[in-house]
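Shown below: protein.cif, with mmCIF, C-alpha atoms and all ligand atoms.
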data_start
#
loop_
_atom_site.group_PDB
_atom_site.id
_atom_site.type_symbol
_atom_site.label_atom_id
_atom_site.label_comp_id
_atom_site.auth_asym_id
_atom_site.auth_seq_id
_atom_site.Cartn_x
_atom_site.Cartn_y
_atom_site.Cartn_z
ATOM 1 C CA MET A 1 105.101 94.772 58.371
ATOM 2 C CA ALA A 2 107.759 94.258 61.019
ATOM 3 C CA HIS A 3 107.039 95.817 64.340
ATOM 4 C CA ARG A 4 108.611 96.190 67.752
ATOM 5 C CA ILE A 5 107.918 97.779 71.100
ATOM 6 C CA ALA A 6 109.389 101.192 71.919
ATOM 7 C CA LYS A 7 112.699 100.751 73.779
ATOM 8 C CA ALA A 8 111.543 103.100 76.538
ATOM 9 C CA LEU A 9 108.625 100.764 77.209
ATOM 10 C CA SER A 10 110.641 97.563 77.110
ATOM 11 C CA LYS A 11 112.904 99.216 79.691
ATOM 12 C CA LEU A 12 109.909 99.971 81.913
ATOM 13 C CA ARG A 13 108.551 96.457 81.457
ATOM 14 C CA SER A 14 111.867 94.904 82.501
ATOM 15 C CA GLN A 15 112.070 97.229 85.519
ATOM 16 C CA VAL A 16 108.560 96.226 86.591
ATOM 17 C CA ASN A 17 109.321 92.531 86.024
ATOM 18 C CA SER A 18 112.489 92.766 88.139
ATOM 19 C CA ARG A 19 110.720 94.683 90.857
ATOM 20 C CA TRP A 20 107.854 92.152 91.133
ATOM 21 C CA PRO A 21 109.123 88.870 89.626
ATOM 22 C CA ASP A 22 105.939 87.020 90.592
ATOM 23 C CA ARG A 23 103.498 89.604 89.356
ATOM 24 C CA ASN A 24 100.406 88.543 87.416
ATOM 25 C CA LYS A 25 100.667 89.509 83.735
ATOM 26 C CA ALA A 26 97.137 88.514 82.689
ATOM 27 C CA SER A 27 96.170 92.006 81.564
ATOM 28 C CA ASP A 28 99.595 93.013 80.193
ATOM 29 C CA GLY A 29 99.755 94.119 76.622
ATOM 30 C CA TRP A 30 101.677 96.025 74.026
ATOM 31 C CA ILE A 31 100.703 95.041 70.455
ATOM 32 C CA GLY A 32 97.130 95.778 69.436
ATOM 33 C CA ASP A 33 94.650 92.935 69.114
ATOM 34 C CA THR A 34 92.066 92.910 66.306
ATOM 35 C CA ALA A 35 89.737 95.105 68.342
ATOM 36 C CA HIS A 36 92.489 97.708 68.653
ATOM 37 C CA GLN A 37 93.497 97.520 65.005
ATOM 38 C CA ALA A 38 90.393 99.364 63.864
ATOM 39 C CA THR A 39 91.260 102.261 66.176
ATOM 40 C CA ASN A 40 94.153 104.668 66.377
ATOM 41 C CA SER A 41 95.337 103.102 69.634
ATOM 42 C CA ASP A 42 99.048 103.484 70.387
ATOM 43 C CA HIS A 43 99.069 99.685 70.745
ATOM 44 C CA ASN A 44 99.077 99.627 66.958
ATOM 45 C CA PRO A 45 102.501 100.135 65.365
ATOM 46 C CA HIS A 46 101.416 103.336 63.639
ATOM 47 C CA VAL A 47 104.632 105.134 64.572
ATOM 48 C CA LYS A 48 107.274 104.340 61.938
ATOM 49 C CA ASP A 49 110.994 103.962 62.507
ATOM 50 C CA GLY A 50 112.152 103.504 58.919
ATOM 51 C CA THR A 51 110.113 100.516 57.749
ATOM 52 C CA THR A 52 109.522 99.142 61.233
ATOM 53 C CA GLY A 53 106.312 99.934 63.069
ATOM 54 C CA VAL A 54 106.797 100.949 66.688
ATOM 55 C CA VAL A 55 104.243 100.220 69.394
ATOM 56 C CA THR A 56 104.303 103.192 71.750
ATOM 57 C CA ALA A 57 101.917 101.901 74.423
ATOM 58 C CA LEU A 58 102.253 99.389 77.248
ATOM 59 C CA ASP A 59 99.669 97.939 79.632
ATOM 60 C CA ILE A 60 100.796 96.755 83.066
ATOM 61 C CA THR A 61 98.470 94.438 84.965
ATOM 62 C CA HIS A 62 97.034 95.654 88.254
ATOM 63 C CA ASP A 63 98.130 92.995 90.749
ATOM 64 C CA PRO A 64 98.238 94.554 94.216
ATOM 65 C CA LYS A 65 98.693 91.136 95.848
ATOM 66 C CA SER A 66 102.155 90.846 94.341
ATOM 67 C CA GLY A 67 102.843 94.499 95.142
ATOM 68 C CA CYS A 68 102.354 95.673 91.567
ATOM 69 C CA ASP A 69 99.569 98.138 92.269
ATOM 70 C CA ALA A 70 98.805 99.845 88.962
ATOM 71 C CA GLY A 71 97.560 102.972 90.730
ATOM 72 C CA VAL A 72 100.843 103.317 92.604
ATOM 73 C CA VAL A 73 102.836 102.643 89.434
ATOM 74 C CA ALA A 74 100.868 105.457 87.772
ATOM 75 C CA GLU A 75 101.350 107.887 90.649
ATOM 76 C CA VAL A 76 105.111 107.307 90.776
ATOM 77 C CA LEU A 77 105.389 107.823 87.007
ATOM 78 C CA ILE A 78 103.365 111.019 87.270
ATOM 79 C CA ALA A 79 105.373 112.341 90.217
ATOM 80 C CA SER A 80 108.561 111.864 88.163
ATOM 81 C CA ARG A 81 107.210 114.226 85.459
ATOM 82 C CA ASP A 82 108.986 111.997 82.970
ATOM 83 C CA PRO A 83 109.128 113.862 79.638
ATOM 84 C CA ARG A 84 108.575 110.591 77.713
ATOM 85 C CA ILE A 85 104.985 110.290 78.988
ATOM 86 C CA LYS A 86 102.321 111.072 76.368
ATOM 87 C CA TYR A 87 99.416 109.923 78.506
ATOM 88 C CA ILE A 88 98.398 107.451 81.205
ATOM 89 C CA ILE A 89 95.000 105.774 81.589
ATOM 90 C CA TRP A 90 93.989 104.144 84.849
ATOM 91 C CA ASN A 91 90.736 103.447 86.656
ATOM 92 C CA HIS A 92 88.273 105.551 84.608
ATOM 93 C CA GLN A 93 90.775 108.420 84.349
ATOM 94 C CA ILE A 94 93.276 109.761 81.824
ATOM 95 C CA LEU A 95 96.215 112.074 82.402
ATOM 96 C CA ALA A 96 98.379 113.788 79.785
ATOM 97 C CA GLY A 97 102.109 114.409 80.046
ATOM 98 C CA ASP A 98 103.790 117.785 79.669
ATOM 99 C CA ALA A 99 102.756 118.254 76.029
ATOM 100 C CA GLY A 100 99.093 117.299 76.392
ATOM 101 C CA GLN A 101 95.824 118.769 77.507
ATOM 102 C CA SER A 102 95.783 119.842 81.206
ATOM 103 C CA PRO A 103 99.250 118.360 81.823
ATOM 104 C CA TRP A 104 99.635 116.048 84.856
ATOM 105 C CA LYS A 105 95.972 116.332 85.869
ATOM 106 C CA TRP A 106 93.598 113.381 85.953
ATOM 107 C CA ARG A 107 90.478 113.798 83.829
ATOM 108 C CA GLY A 108 87.513 111.479 83.395
ATOM 109 C CA TYR A 109 88.085 108.775 80.772
ATOM 110 C CA GLN A 110 85.051 107.768 78.712
ATOM 111 C CA GLY A 111 86.651 105.044 76.572
ATOM 112 C CA LYS A 112 85.047 101.605 76.345
ATOM 113 C CA ASN A 113 87.655 99.964 78.538
ATOM 114 C CA PRO A 114 87.660 101.617 81.992
ATOM 115 C CA HIS A 115 91.258 100.410 82.626
ATOM 116 C CA THR A 116 90.619 98.936 86.046
ATOM 117 C CA ARG A 117 92.701 95.805 85.366
ATOM 118 C CA HIS A 118 95.781 97.502 84.016
ATOM 119 C CA VAL A 119 97.428 100.866 83.740
ATOM 120 C CA HIS A 120 98.069 102.067 80.189
ATOM 121 C CA LEU A 121 101.111 104.185 79.364
ATOM 122 C CA SER A 122 101.673 105.836 75.973
ATOM 123 C CA VAL A 123 105.000 107.453 75.188
ATOM 124 C CA LYS A 124 105.564 110.330 72.777
ATOM 125 C CA ALA A 125 105.912 109.538 69.072
ATOM 126 C CA THR A 126 109.409 110.974 68.536
ATOM 127 C CA LYS A 127 112.316 108.509 68.484
ATOM 128 C CA ALA A 128 114.291 110.575 71.026
ATOM 129 C CA MET A 129 111.436 109.907 73.448
ATOM 130 C CA TYR A 130 110.126 106.417 72.626
ATOM 131 C CA ASP A 131 113.589 104.862 72.326
ATOM 132 C CA ASP A 132 115.053 106.661 75.360
ATOM 133 C CA GLU A 133 116.088 103.780 77.628
ATOM 134 C CA ARG A 134 116.782 105.740 80.769
ATOM 135 C CA PRO A 135 115.374 104.027 83.867
ATOM 136 C CA TRP A 136 111.854 105.017 84.792
ATOM 137 C CA ALA A 137 110.684 105.947 88.243
ATOM 138 C CA VAL A 138 109.209 102.717 89.606
ATOM 139 C CA PRO A 139 107.818 102.193 93.123
ATOM 140 C CA GLY A 140 110.665 100.991 95.328
ATOM 141 C CA GLY A 141 113.284 101.709 92.670
ATOM 142 C CA VAL A 142 115.235 99.323 90.484
ATOM 143 C CA ALA A 143 115.547 95.827 91.902
ATOM 144 C CA PRO A 144 119.068 94.881 93.027
ATOM 145 C CA SER A 145 118.986 91.896 90.669
ATOM 146 C CA GLN A 146 120.205 94.216 87.893
ATOM 147 C CA PRO A 147 123.798 94.926 88.950
ATOM 148 C CA SER A 148 124.872 95.602 85.380
ATOM 149 C CA ALA A 149 122.228 98.247 84.797
ATOM 150 C CA PRO A 150 123.494 101.802 85.097
ATOM 151 C CA ALA A 151 122.681 103.112 88.533
ATOM 152 C CA PRO A 152 119.506 105.144 88.432
ATOM 153 C CA THR A 153 120.115 108.697 89.457
ATOM 154 C CA PRO A 154 116.958 109.692 91.236
ATOM 155 C CA THR A 155 117.653 112.881 93.053
ATOM 156 C CA LYS A 156 116.593 113.295 96.649
ATOM 157 C CA ARG A 157 115.724 116.893 95.917
ATOM 158 C CA ALA A 158 112.098 117.931 96.026
ATOM 159 C CA THR A 159 110.242 118.794 92.844
ATOM 160 C CA LEU A 160 110.148 122.586 92.688
ATOM 161 C CA LYS A 161 107.821 124.944 90.916
ATOM 162 C CA ARG A 162 106.696 128.513 91.091
ATOM 163 C CA GLY A 163 105.911 129.546 94.669
ATOM 164 C CA ALA A 164 108.494 127.207 96.263
ATOM 165 C CA LYS A 165 110.863 128.644 98.849
ATOM 166 C CA GLY A 166 113.888 127.593 100.839
ATOM 167 C CA ALA A 167 117.232 125.841 100.661
ATOM 168 C CA ASP A 168 116.424 123.719 97.591
ATOM 169 C CA VAL A 169 115.394 126.855 95.699
ATOM 170 C CA ARG A 170 118.664 128.533 96.705
ATOM 171 C CA HIS A 171 120.575 125.531 95.439
ATOM 172 C CA LEU A 172 118.586 125.604 92.198
ATOM 173 C CA GLN A 173 119.289 129.303 91.689
ATOM 174 C CA LYS A 174 123.011 128.710 92.200
ATOM 175 C CA LEU A 175 122.940 125.959 89.578
ATOM 176 C CA LEU A 176 121.060 128.246 87.188
ATOM 177 C CA GLY A 177 123.523 131.063 87.816
ATOM 178 C CA ILE A 178 120.850 133.564 88.730
ATOM 179 C CA GLU A 179 120.240 135.752 91.751
ATOM 180 C CA VAL A 180 119.967 133.619 94.900
ATOM 181 C CA ASP A 181 117.014 134.736 97.014
ATOM 182 C CA GLY A 182 115.438 131.371 97.869
ATOM 183 C CA VAL A 183 112.113 132.254 96.225
ATOM 184 C CA PHE A 184 110.941 130.460 93.058
ATOM 185 C CA GLY A 185 109.362 133.379 91.184
ATOM 186 C CA ALA A 186 108.984 134.467 87.580
ATOM 187 C CA ASP A 187 112.722 134.946 86.963
ATOM 188 C CA THR A 188 113.556 131.517 88.338
ATOM 189 C CA GLU A 189 110.824 129.913 86.263
ATOM 190 C CA ALA A 190 112.067 131.638 83.110
ATOM 191 C CA ALA A 191 115.620 130.420 83.814
ATOM 192 C CA VAL A 192 114.325 126.879 84.416
ATOM 193 C CA ARG A 193 112.421 126.881 81.121
ATOM 194 C CA LYS A 194 115.508 128.109 79.302
ATOM 195 C CA ALA A 195 117.631 125.376 80.882
ATOM 196 C CA GLN A 196 115.031 122.703 80.069
ATOM 197 C CA ALA A 197 114.958 123.773 76.418
ATOM 198 C CA LYS A 198 118.765 123.740 76.311
ATOM 199 C CA HIS A 199 118.888 120.191 77.710
ATOM 200 C CA GLY A 200 116.133 118.865 75.437
ATOM 201 C CA LEU A 201 113.747 118.273 78.318
ATOM 202 C CA GLY A 202 110.026 118.938 78.419
ATOM 203 C CA VAL A 203 109.704 122.682 78.982
ATOM 204 C CA ASP A 204 107.248 123.089 81.856
ATOM 205 C CA GLY A 205 109.103 125.293 84.336
ATOM 206 C CA VAL A 206 108.828 122.527 86.946
ATOM 207 C CA VAL A 207 112.059 121.147 88.388
ATOM 208 C CA GLY A 208 111.596 117.372 88.652
ATOM 209 C CA PRO A 209 114.158 114.538 88.699
ATOM 210 C CA TYR A 210 115.310 114.941 85.096
ATOM 211 C CA THR A 211 115.728 118.677 85.348
ATOM 212 C CA TRP A 212 117.708 118.298 88.582
ATOM 213 C CA GLU A 213 119.828 115.650 86.919
ATOM 214 C CA ALA A 214 120.485 117.821 83.865
ATOM 215 C CA LEU A 215 121.382 120.843 86.007
ATOM 216 C CA THR A 216 123.749 118.983 88.312
ATOM 217 C CA LYS A 217 125.725 117.324 85.491
HETATM 218 ZN ZN ZN B 1 96.432 99.941 76.756
#

If you convert what's in this file into structure tokens, what do you get?
Ligand SMILES: [Zn+2]
Amino acid sequence: MAHRIAKALSKLRSQVNSRWPDRNKASDGWIGDTAHQATNSDHNPHVKDGTTGVVTALDITHDPKSGCDAGVVAEVLIASRDPRIKYIIWNHQILAGDAGQSPWKWRGYQGKNPHTRHVHLSVKATKAMYDDERPWAVPGGVAPSQPSAPAPTPTKRATLKRGAKGADVRHLQKLLGIEVDGVFGADTEAAVRKAQAKHGLGVDGVVGPYTWEALTK
């Protein structure tokens, strides 16, 4: 059967390759090898787009010498709260995205491969997620060698969640059209969740880069 890599992951791979052109790719991977094929790994094209199998996982080699530190790549992805993330495995630990168990928290990973040579990223199995080619958050941003790529729109605003206070919260409340008191409480969180649902984002009540972007459009 024909298969391909998820477009979201080929985007990430090209961003990483532009960022560190000389990086070691020895432990890179996307399509499952025979060992994987017996398992339900996302490296197998078990997600179907019509008759084409889609691989929804990507491994990026840990090569700190070149600058491509898999742990840093993971942390930057996590900090972005990207709604496409299903889970990340790195260095004996696994972390689920917004729809998984204990979202955005590292848990011990007991799988056979401890993932010390590469970071593994799985994206969600819906086409709107796995074929979403928006730029990912990558350490140091998108390399300038991609002038034709749409400019990434990382916001300088802090990620906000319940308990936050101050000018950014005031700005958020203005954008949401709710009472402006500078305190991120229950009402603000409810308004954020509503806005996230409206914009098709992961509904977690946390205002990260994508939520800021959606609100400021
Ligand atoms: Zn993997």

Contacts of Pro209 of chain A within 12 Å, only C-alpha atoms, excl. fewer than 4 positions in-chain, as a list of chain:residue names: A:Val76, A:Leu77, A:Ile78, A:Ala79, A:Ser80, A:Arg81, A:Asp82, A:Pro83, A:Pro135, A:Trp136, A:Ala137, A:Pro152, A:Thr153, A:Pro154, A:Thr155, A:Lys156, A:Arg157, A:Ala158, A:Thr159, A:Leu160, A:Gln196, A:Leu201, A:Gly202, A:Glu213, A:Ala214, A:Leu215, A:Thr216

Point-to-point distance in Å for atom CA of Gly50 of chain A and atom CA of Ile89 of chain A: 28.5 Å

Can you list, as an mmCIF file with C-alpha atoms, keeping the file's coordinate frame, the residues that the PyMOL selection byres (((not hetatm)) within 8 of (chain B and resi 1)) selects here?
data_model
loop_
_atom_site.group_PDB
_atom_site.id
_atom_site.type_symbol
_atom_site.label_atom_id
_atom_site.label_comp_id
_atom_site.auth_asym_id
_atom_site.auth_seq_id
_atom_site.Cartn_x
_atom_site.Cartn_y
_atom_site.Cartn_z
ATOM 1 C CA GLY A 29 99.755 94.119 76.622
ATOM 2 C CA TRP A 30 101.677 96.025 74.026
ATOM 3 C CA SER A 41 95.337 103.102 69.634
ATOM 4 C CA ASP A 42 99.048 103.484 70.387
ATOM 5 C CA HIS A 43 99.069 99.685 70.745
ATOM 6 C CA ALA A 57 101.917 101.901 74.423
ATOM 7 C CA LEU A 58 102.253 99.389 77.248
ATOM 8 C CA ASP A 59 99.669 97.939 79.632
ATOM 9 C CA ILE A 89 95.000 105.774 81.589
ATOM 10 C CA HIS A 115 91.258 100.410 82.626
ATOM 11 C CA HIS A 118 95.781 97.502 84.016
ATOM 12 C CA VAL A 119 97.428 100.866 83.740
ATOM 13 C CA HIS A 120 98.069 102.067 80.189
ATOM 14 C CA LEU A 121 101.111 104.185 79.364
ATOM 15 C CA SER A 122 101.673 105.836 75.973
#

Pick from A:Gly200, A:Pro64, A:Gly53, A:Pro45, whichever lies nearest to Thr116 of chain A using only C-alpha atoms: A:Pro64

Proximity to Arg134 of chain A - best of A:Ala74, A:Val16, A:Arg84, A:Asp187, all atoms listed in the file: A:Arg84

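If you look at atom CA of Lys127 of chain A and atom CA of Gln15 of chain A, they are 20.4 Å away from each other.
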
Would you list the residues near (99.9, 119.3, 78.6), meaning any protein, DNA or RNA residue with an atom at most 12 Å from that point in file coordinates, counting all atoms listed in the file, as an mmCIF file with C-alpha atoms, keeping the file's coordinate frame?
data_model
loop_
_atom_site.group_PDB
_atom_site.id
_atom_site.type_symbol
_atom_site.label_atom_id
_atom_site.label_comp_id
_atom_site.auth_asym_id
_atom_site.auth_seq_id
_atom_site.Cartn_x
_atom_site.Cartn_y
_atom_site.Cartn_z
ATOM 1 C CA ARG A 81 107.210 114.226 85.459
ATOM 2 C CA PRO A 83 109.128 113.862 79.638
ATOM 3 C CA ILE A 85 104.985 110.290 78.988
ATOM 4 C CA LYS A 86 102.321 111.072 76.368
ATOM 5 C CA TYR A 87 99.416 109.923 78.506
ATOM 6 C CA LEU A 95 96.215 112.074 82.402
ATOM 7 C CA ALA A 96 98.379 113.788 79.785
ATOM 8 C CA GLY A 97 102.109 114.409 80.046
ATOM 9 C CA ASP A 98 103.790 117.785 79.669
ATOM 10 C CA ALA A 99 102.756 118.254 76.029
ATOM 11 C CA GLY A 100 99.093 117.299 76.392
ATOM 12 C CA GLN A 101 95.824 118.769 77.507
ATOM 13 C CA SER A 102 95.783 119.842 81.206
ATOM 14 C CA PRO A 103 99.250 118.360 81.823
ATOM 15 C CA TRP A 104 99.635 116.048 84.856
ATOM 16 C CA LYS A 105 95.972 116.332 85.869
ATOM 17 C CA TRP A 106 93.598 113.381 85.953
ATOM 18 C CA GLY A 202 110.026 118.938 78.419
ATOM 19 C CA VAL A 203 109.704 122.682 78.982
ATOM 20 C CA ASP A 204 107.248 123.089 81.856
#

Within 10 Å of file point (109.4, 131.2, 85.6), counting only C-alpha atoms, expressed as a list in words: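 Residues satisfying the cut-off, written out: Lys161, Arg162, Gly163, Phe184, Gly185, Ala186, Asp187, Thr188, Glu189, Ala190, Ala191, Val192, Arg193, Lys194, Asp204, Gly205 and Val206 of chain A.
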
Atom CA of Gly108 of chain A to atom CA of Cys68 of chain A, distance in Å rounded to a single decimal: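 About the pair atom CA of Gly108 of chain A and atom CA of Cys68 of chain A: they are 23.2 Å apart.
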
Residue members of the PyMOL selection byres (((chain A and resi 139) around 8) and not hetatm) in the file shown, as a list in words: Val72, Val73, Val76, Ala137, Val138, Gly140 and Gly141 of chain A

Nearest candidate to Ile31 of chain A (options A:Arg117, A:Arg19, A:Lys174, A:His46; using only C-alpha atoms):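 Using only C-alpha atoms, the shortest distance to Ile31 of chain A belongs to A:His46.
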
Among listed residues A:Val169, A:Thr56, A:Trp90, A:Pro21, nearest Lys124 of chain A (using only C-alpha atoms): A:Thr56

Chain and number of each residue from the PyMOL selection byres (((chain A and resi 133) around 6) and not hetatm), as an NGL selection string: :A and (7-8 or 11 or 131-132 or 134)

Best match for closeness to Arg23 of chain A among A:Lys165, A:Ala70, A:Asp49, A:His92, counting only C-alpha atoms: A:Ala70

Using all atoms listed in the file, which residues sit within 7 Å of segment 166-168 of chain A once same-chain residues fewer than 4 positions away are excluded, as a PDB file with C-alpha atoms, in the coordinates of the input?
ATOM      1  CA  LEU A 172     118.586 125.604  92.198  1.00  0.00           C
ATOM      2  CA  GLY A 182     115.438 131.371  97.869  1.00  0.00           C
ATOM      3  CA  VAL A 183     112.113 132.254  96.225  1.00  0.00           C
TER       4      VAL A 183
END

Top pick for closest residue to Val55 of chain A, considering A:Gln173, A:Gln93, A:Ser10, A:Gln110 and counting all atoms listed in the file: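 Under the stated criterion, the closest residue is A:Ser10.
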